[in-house]
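Visitor: model_11.txt is reproduced below (compact mmCIF, C-alpha atoms and all ligand atoms).
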# COMPACT_ATOMS: atom_id res chain seq x y z
CA MET A 1 133.87 59.47 -47.08
CA ALA A 2 132.35 60.84 -43.84
CA GLU A 3 132.67 57.35 -42.39
CA GLU A 4 136.36 57.26 -43.31
CA THR A 5 137.00 60.66 -41.69
CA ASN A 6 135.35 59.46 -38.52
CA GLN A 7 137.51 56.31 -38.55
CA ASN A 8 140.67 58.38 -38.94
CA GLU A 9 139.66 60.69 -36.12
CA ALA A 10 138.89 57.75 -33.89
CA MET A 11 142.27 56.11 -34.62
CA LYS A 12 144.14 59.37 -33.92
CA TRP A 13 142.20 60.22 -30.76
CA ASN A 14 144.48 60.05 -27.75
CA GLY A 15 142.12 61.29 -25.04
CA CYS A 16 141.07 59.32 -22.02
CA PRO A 17 139.82 55.88 -23.11
CA GLY A 18 138.85 54.96 -19.52
CA PRO A 19 137.95 51.41 -18.51
CA ILE A 20 137.22 49.18 -21.51
CA LEU A 21 135.81 45.68 -21.05
CA LEU A 22 136.40 43.12 -23.76
CA LEU A 23 133.80 40.38 -23.45
CA GLY A 24 133.26 37.24 -25.49
CA ALA A 25 133.69 33.49 -25.72
CA PRO A 26 137.04 31.75 -25.18
CA ALA A 27 139.40 32.28 -28.14
CA VAL A 28 137.16 34.91 -29.76
CA GLY A 29 140.18 37.23 -30.04
CA LYS A 30 139.95 39.34 -26.86
CA GLY A 31 143.66 38.98 -26.12
CA THR A 32 144.73 39.79 -29.68
CA GLN A 33 142.50 42.86 -29.77
CA ALA A 34 143.56 44.00 -26.29
CA LYS A 35 147.19 43.98 -27.44
CA GLU A 36 146.34 46.08 -30.51
CA LEU A 37 144.38 48.54 -28.37
CA THR A 38 147.26 49.00 -25.90
CA ARG A 39 149.32 50.17 -28.88
CA VAL A 40 146.63 52.56 -30.09
CA TRP A 41 145.85 54.12 -26.71
CA LYS A 42 148.99 53.48 -24.62
CA ILE A 43 146.98 52.03 -21.75
CA PRO A 44 147.60 48.61 -20.17
CA GLN A 45 145.96 45.32 -21.04
CA ILE A 46 144.85 43.56 -17.89
CA SER A 47 144.38 39.92 -18.81
CA THR A 48 143.19 37.83 -15.86
CA GLY A 49 144.21 34.67 -17.74
CA ASP A 50 147.79 35.98 -18.23
CA ILE A 51 148.09 37.07 -14.58
CA LEU A 52 146.85 33.66 -13.43
CA ARG A 53 149.21 31.83 -15.81
CA SER A 54 152.19 33.79 -14.49
CA ASN A 55 151.10 32.91 -10.92
CA VAL A 56 151.00 29.25 -11.97
CA ALA A 57 154.48 29.54 -13.51
CA LEU A 58 155.83 31.22 -10.35
CA GLY A 59 154.19 28.62 -8.09
CA THR A 60 152.40 31.19 -5.87
CA ASP A 61 149.52 30.20 -3.57
CA LEU A 62 147.07 31.70 -6.07
CA GLY A 63 148.77 29.78 -8.90
CA ARG A 64 148.48 26.49 -6.99
CA ILE A 65 144.74 26.99 -6.41
CA ALA A 66 144.14 28.17 -9.99
CA LYS A 67 146.11 25.55 -11.94
CA GLY A 68 143.74 22.57 -11.77
CA LEU A 69 140.67 24.76 -12.33
CA MET A 70 142.25 26.42 -15.36
CA ASP A 71 143.46 23.18 -16.94
CA ARG A 72 139.93 21.78 -16.76
CA GLY A 73 138.40 25.01 -18.07
CA ASP A 74 136.60 25.86 -14.82
CA LEU A 75 136.48 29.37 -13.38
CA VAL A 76 138.65 30.53 -10.48
CA PRO A 77 136.52 31.68 -7.47
CA ASP A 78 135.19 35.24 -7.59
CA TYR A 79 136.78 36.44 -4.34
CA LEU A 80 140.27 35.56 -5.64
CA MET A 81 139.62 37.23 -8.99
CA ASN A 82 138.21 40.40 -7.46
CA GLU A 83 141.17 40.72 -5.11
CA MET A 84 143.60 40.12 -7.96
CA ILE A 85 141.97 42.86 -10.08
CA ASN A 86 141.76 45.18 -7.09
CA MET A 87 145.53 44.99 -6.62
CA ARG A 88 146.18 45.54 -10.32
CA LEU A 89 143.85 48.53 -10.67
CA ARG A 90 145.69 50.37 -7.91
CA LYS A 91 148.74 50.79 -10.12
CA PRO A 92 149.13 54.30 -11.56
CA ASP A 93 149.42 53.10 -15.18
CA THR A 94 145.62 52.55 -15.12
CA PHE A 95 144.82 56.25 -14.55
CA ARG A 96 143.93 57.10 -18.20
CA GLY A 97 142.22 53.79 -18.64
CA TYR A 98 142.81 50.08 -19.08
CA ILE A 99 141.57 47.16 -21.11
CA LEU A 100 140.08 44.37 -19.06
CA ASP A 101 140.51 41.16 -20.99
CA GLY A 102 138.72 38.20 -19.39
CA PHE A 103 137.10 40.05 -16.47
CA PRO A 104 134.30 40.16 -15.36
CA ARG A 105 133.20 36.64 -16.21
CA THR A 106 130.39 36.26 -13.65
CA LEU A 107 127.61 38.56 -12.43
CA ALA A 108 129.24 38.65 -8.98
CA GLN A 109 132.47 39.95 -10.55
CA ALA A 110 130.48 42.49 -12.62
CA ASP A 111 128.68 43.77 -9.48
CA TRP A 112 131.98 44.10 -7.69
CA LEU A 113 133.53 46.05 -10.59
CA ASP A 114 130.46 48.30 -11.03
CA ASN A 115 130.60 49.19 -7.31
CA ARG A 116 134.30 49.91 -7.48
CA LEU A 117 133.84 52.21 -10.48
CA GLU A 118 130.90 53.98 -8.83
CA MET A 119 132.93 54.64 -5.71
CA GLN A 120 135.78 55.93 -7.84
CA ALA A 121 133.46 58.24 -9.79
CA ALA A 122 131.99 59.54 -6.54
CA ALA A 123 135.50 60.27 -5.29
CA LYS A 124 136.19 61.97 -8.66
CA ALA A 125 139.35 59.94 -8.97
CA GLN A 126 139.07 59.71 -12.78
CA GLU A 127 136.63 62.53 -13.53
CA HIS A 128 135.86 62.48 -17.23
CA CYS A 129 136.45 58.86 -18.14
CA SER A 130 135.43 56.78 -15.15
CA GLY A 131 132.42 55.09 -16.80
CA LEU A 132 133.18 51.85 -18.56
CA VAL A 133 132.59 50.92 -22.17
CA ALA A 134 131.78 47.25 -22.73
CA VAL A 135 132.57 45.60 -26.06
CA SER A 136 131.27 42.15 -26.86
CA ILE A 137 133.07 40.27 -29.65
CA ARG A 138 130.96 37.55 -31.29
CA LEU A 139 131.99 34.55 -33.37
CA ASP A 140 130.22 31.34 -34.33
CA TYR A 141 131.08 28.06 -32.61
CA ASN A 142 132.92 26.38 -35.52
CA ARG A 143 135.25 29.32 -35.96
CA LEU A 144 135.92 29.41 -32.22
CA ILE A 145 137.05 25.78 -32.37
CA ARG A 146 139.45 26.64 -35.21
CA ARG A 147 140.83 29.52 -33.17
CA VAL A 148 141.36 27.30 -30.12
CA THR A 149 143.00 24.42 -31.92
CA GLY A 150 145.18 26.76 -34.02
CA ARG A 151 146.26 29.09 -31.21
CA ARG A 152 149.98 29.29 -30.36
CA ASN A 153 151.51 31.62 -27.77
CA CYS A 154 154.87 33.22 -27.12
CA PRO A 155 156.02 32.54 -23.55
CA VAL A 156 158.02 35.78 -23.43
CA CYS A 157 155.99 38.59 -25.07
CA HIS A 158 152.61 36.77 -24.91
CA ARG A 159 151.93 37.46 -28.60
CA ILE A 160 149.15 35.25 -29.90
CA TYR A 161 149.42 33.48 -33.26
CA ASN A 162 147.08 31.15 -35.08
CA ILE A 163 148.41 28.51 -37.44
CA TYR A 164 145.33 28.94 -39.69
CA GLY A 165 144.71 32.69 -39.60
CA LEU A 166 147.75 34.49 -38.19
CA PRO A 167 150.80 32.23 -38.52
CA PRO A 168 154.30 33.24 -37.39
CA LYS A 169 156.82 33.89 -40.17
CA ARG A 170 158.88 30.89 -39.09
CA GLU A 171 156.71 27.93 -38.13
CA GLY A 172 156.67 27.34 -34.37
CA PHE A 173 158.66 30.43 -33.35
CA CYS A 174 157.73 33.95 -32.23
CA ASP A 175 158.42 36.64 -34.87
CA VAL A 176 159.68 39.10 -32.26
CA GLU A 177 161.37 36.98 -29.57
CA GLY A 178 162.43 34.00 -31.67
CA GLU A 179 161.22 31.76 -28.80
CA PRO A 180 159.48 28.42 -29.46
CA LEU A 181 155.70 28.93 -29.28
CA TYR A 182 153.57 26.83 -26.93
CA THR A 183 149.97 25.61 -26.88
CA ARG A 184 147.98 26.47 -23.75
CA ALA A 185 147.07 23.48 -21.52
CA ASP A 186 143.39 24.49 -21.72
CA ASP A 187 143.33 24.77 -25.53
CA THR A 188 142.16 21.16 -25.85
CA LEU A 189 138.70 20.28 -27.17
CA GLU A 190 137.66 18.84 -23.80
CA ALA A 191 138.68 21.91 -21.79
CA PHE A 192 137.21 24.14 -24.50
CA GLU A 193 133.78 22.48 -24.11
CA ASN A 194 133.97 23.18 -20.39
CA ARG A 195 135.03 26.78 -20.92
CA MET A 196 132.12 27.23 -23.35
CA ARG A 197 129.73 25.81 -20.74
CA ALA A 198 131.03 28.28 -18.15
CA TYR A 199 130.78 31.05 -20.75
CA ARG A 200 127.14 30.27 -21.61
CA GLU A 201 126.01 29.81 -18.01
CA LEU A 202 127.99 32.52 -16.25
CA THR A 203 129.40 35.05 -18.73
CA GLU A 204 126.54 35.50 -21.20
CA PRO A 205 124.41 37.01 -18.38
CA VAL A 206 127.29 39.48 -17.79
CA ILE A 207 127.09 40.53 -21.46
CA GLU A 208 123.32 41.04 -21.09
CA HIS A 209 123.93 43.09 -17.94
CA TYR A 210 126.23 45.49 -19.81
CA ARG A 211 123.95 45.59 -22.85
CA GLN A 212 121.16 46.86 -20.55
CA MET A 213 123.47 49.40 -18.92
CA GLY A 214 124.30 51.18 -22.24
CA SER A 215 127.81 52.18 -23.42
CA PHE A 216 127.80 48.75 -25.03
CA ALA A 217 128.94 47.69 -28.50
CA GLU A 218 128.76 44.35 -30.26
CA ILE A 219 131.41 43.59 -32.87
CA ASP A 220 131.69 40.76 -35.40
CA GLY A 221 134.91 38.91 -34.49
CA GLY A 222 134.95 37.13 -37.86
CA GLU A 223 136.19 40.21 -39.71
CA PRO A 224 139.93 40.68 -40.33
CA MET A 225 141.86 41.57 -37.16
CA GLY A 226 142.59 45.20 -38.19
CA ILE A 227 138.93 45.87 -39.02
CA VAL A 228 137.81 44.55 -35.63
CA THR A 229 140.32 46.89 -33.95
CA VAL A 230 139.07 49.91 -35.90
CA LYS A 231 135.46 49.06 -35.00
CA ILE A 232 136.30 48.82 -31.30
CA VAL A 233 138.23 52.09 -31.39
CA GLU A 234 135.35 53.81 -33.20
CA ALA A 235 132.78 52.52 -30.72
CA VAL A 236 134.79 53.71 -27.71
CA TYR A 237 135.55 57.06 -29.37
CA SER A 238 131.87 57.58 -30.13
CA PHE A 239 130.79 56.86 -26.51
CA ARG A 240 133.52 59.08 -25.07
CA SER A 241 132.70 61.94 -27.47
CA GLN A 242 129.03 61.74 -26.45
CA THR A 243 129.95 61.87 -22.74
CA ALA A 244 132.31 64.79 -23.26
CA ALA A 245 129.57 66.72 -25.14
CA GLN A 246 127.05 66.32 -22.27
P1 LIG B 301 141.67 33.21 -20.51
O1 LIG B 301 143.14 33.34 -20.75
O2 LIG B 301 140.97 34.54 -20.37
O3 LIG B 301 140.99 32.30 -21.50
O4 LIG B 301 141.52 32.51 -19.08
C1 LIG B 301 142.06 31.22 -18.84
C2 LIG B 301 141.43 30.62 -17.59
O5 LIG B 301 141.74 31.45 -16.46
C3 LIG B 301 139.93 30.52 -17.58
O6 LIG B 301 139.45 29.38 -18.28
C4 LIG B 301 139.65 30.45 -16.09
O7 LIG B 301 139.99 29.18 -15.56
C5 LIG B 301 140.66 31.45 -15.53
N1 LIG B 301 140.09 32.82 -15.51
C6 LIG B 301 140.48 33.89 -16.27
N2 LIG B 301 139.74 34.96 -15.99
C7 LIG B 301 138.85 34.58 -15.04
C8 LIG B 301 137.79 35.24 -14.35
N3 LIG B 301 137.50 36.53 -14.59
N4 LIG B 301 137.08 34.52 -13.45
C9 LIG B 301 137.36 33.24 -13.18
N5 LIG B 301 138.33 32.55 -13.80
C10 LIG B 301 139.07 33.20 -14.73
Show me, as structure tokens, the structure contained in the file I just sent.

Guide:
Amino acid sequence: MAEETNQNEAMKWNGCPGPILLLGAPAVGKGTQAKELTRVWKIPQISTGDILRSNVALGTDLGRIAKGLMDRGDLVPDYLMNEMINMRLRKPDTFRGYILDGFPRTLAQADWLDNRLEMQAAAKAQEHCSGLVAVSIRLDYNRLIRRVTGRRNCPVCHRIYNIYGLPPKREGFCDVEGEPLYTRADDTLEAFENRMRAYRELTEPVIEHYRQMGSFAEIDGGEPMGIVTVKIVEAVYSFRSQTAAQ
């Protein structure tokens, strides 16, 4: 009963979520959860993968550099990613907080972000919610493969479906936009293996870094989507309530 009350409070809380990092393997559900959290907290999702894909579609210089790397499942160089995030975080919609989905993916990106947040805190730009909360979503390898091979995306609203777990109402079409869904070029088994290699070598140390720093939660990504969302919301609410009480 007490647990339920806490869950309700957490879901209703509309304070200052601050910067939230969603970390985890490719296709673990970061994008799906980020979209749910934007609805709960009314803060933006900043998906580095989505920003890169729109640069590819628009044929920008960044898109041209990124395309081949992304299709193979390799990472885009840190200096380009940091600059891209820097530009995005300057927008005023990030003031109450934001959900970083897919960044940082290397220790160099994490160092860059930590420094940026420290400078911001020192300048008291976002007084009571400048510290980040990192959430790692975990899922076993076989289920990740199912998520990758079943994933379908809407080109217009970027909703993410899965033919096994979260199918659209009409096969092959977005429920909201009615557009034909597409499969990402890097959602092949070959590219997935490469993305997993990059994840193990470069991103797992980032997760360890944030685990050591505190304000860190680990969530089982195998639970139903709504439960995962509630657990993330509760974890963030609990860290923010502790900070506010200090
Ligand atoms: P995602 O949509 O998050 O799975 O990202 C798709 C691809 O975009 C990745 O496999 C990388 O090639 C590239 N990418 C996204 N975020 C980053 C990042 N933080 N650092 C480097 N490359 C990234």

Visitor: Can you pull out the residues contacting stretch 93-103 of chain A? Cut-off 8 Å, using all atoms listed in the file, and skip same-chain residues under 2 positions away; I want them as number ranges by chain.

Guide: A: 16-23, 30-31, 34, 37-38, 43-49, 89-91, 105, 109, 126, 129

Visitor: Neighbours of stretch 175-184 of chain A within 6 Å (only C-alpha atoms; same-chain residues fewer than 5 positions away dropped), as a ChimeraX atom specification?

Guide: /A:152-154,168

Visitor: With distances taken over all atoms listed in the file, which residue among A:Arg147, A:Arg211, A:Arg170, A:Lys67 lies nearest ligand LIG 301 (chain B)?

Guide: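 That would be A:Lys67, the residue with the smallest distance to ligand LIG 301 (chain B).
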
Visitor: Report as a PyMOL selection string which protein, DNA and RNA residues come within 9 Å of ligand LIG 301 (chain B), using only C-alpha atoms and all ligand atoms.

Guide: chain A and resi 25-27+30-31+47-53+66-78+80-82+85+101-106+109+184+186-187+191-192+194-195+198

Visitor: So that all listed atoms of stretch 116-124 of chain A fit with 4 Å spare on each side, what axis-aligned box centre and edge lengths in Å, to one decimal, would you give as JSON?

Guide:
{"center_x": 133.5, "center_y": 55.9, "center_z": -7.9, "size_x": 13.3, "size_y": 20.1, "size_z": 13.2}

Visitor: So that I can check the surroundings of stretch 233-235 of chain A, please list as a count of residues only every protein, DNA and RNA residue that reaches within 12 Å of it, counting all atoms listed in the file and ignoring chain neighbours fewer than 4 positions away.

Guide: 42

Visitor: Between A:Arg197, A:Val28, A:Phe173, A:Tyr79, which is the closest to A:Ile145 once you count all atoms listed in the file?

Guide: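 Closest to A:Ile145, using all atoms listed in the file: A:Val28.
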
Visitor: Expressed in Å to a single decimal, how great is the separation between atom CA of A:Ile137 and atom CA of A:Ile207?

Guide: 10.1 Å

Visitor: For atom CA of A:Gln120 and atom CA of A:Pro92, determine how far apart the two atoms are, in Å to one decimal place.

Guide: 14.0 Å

Visitor: Hey, which of A:Leu62, A:Val206, A:Met213, A:Ile163 ends up closest to A:Ala108? Count all atoms listed in the file.

Guide: A:Val206

Visitor: May I ask for the distance between atom CA of A:Gly131 and atom CA of A:Asn115, given in Å to one decimal place?

Guide: 11.3 Å

Visitor: Using all atoms listed in the file for the distances, tell me which of A:Asp220, A:His158, A:Lys231, A:His209 is nearest to A:Ser54.

Guide: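 Ranking A:Asp220, A:His158, A:Lys231, A:His209 by distance to A:Ser54, first place goes to A:His158.
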
Visitor: Could you tell me which of A:Ala122, A:Ala185, A:Val230, A:Met196 comes closest to A:Arg151 if we count only C-alpha atoms?

Guide: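 Looking at the shortest contact to A:Arg151, the residue is A:Ala185.
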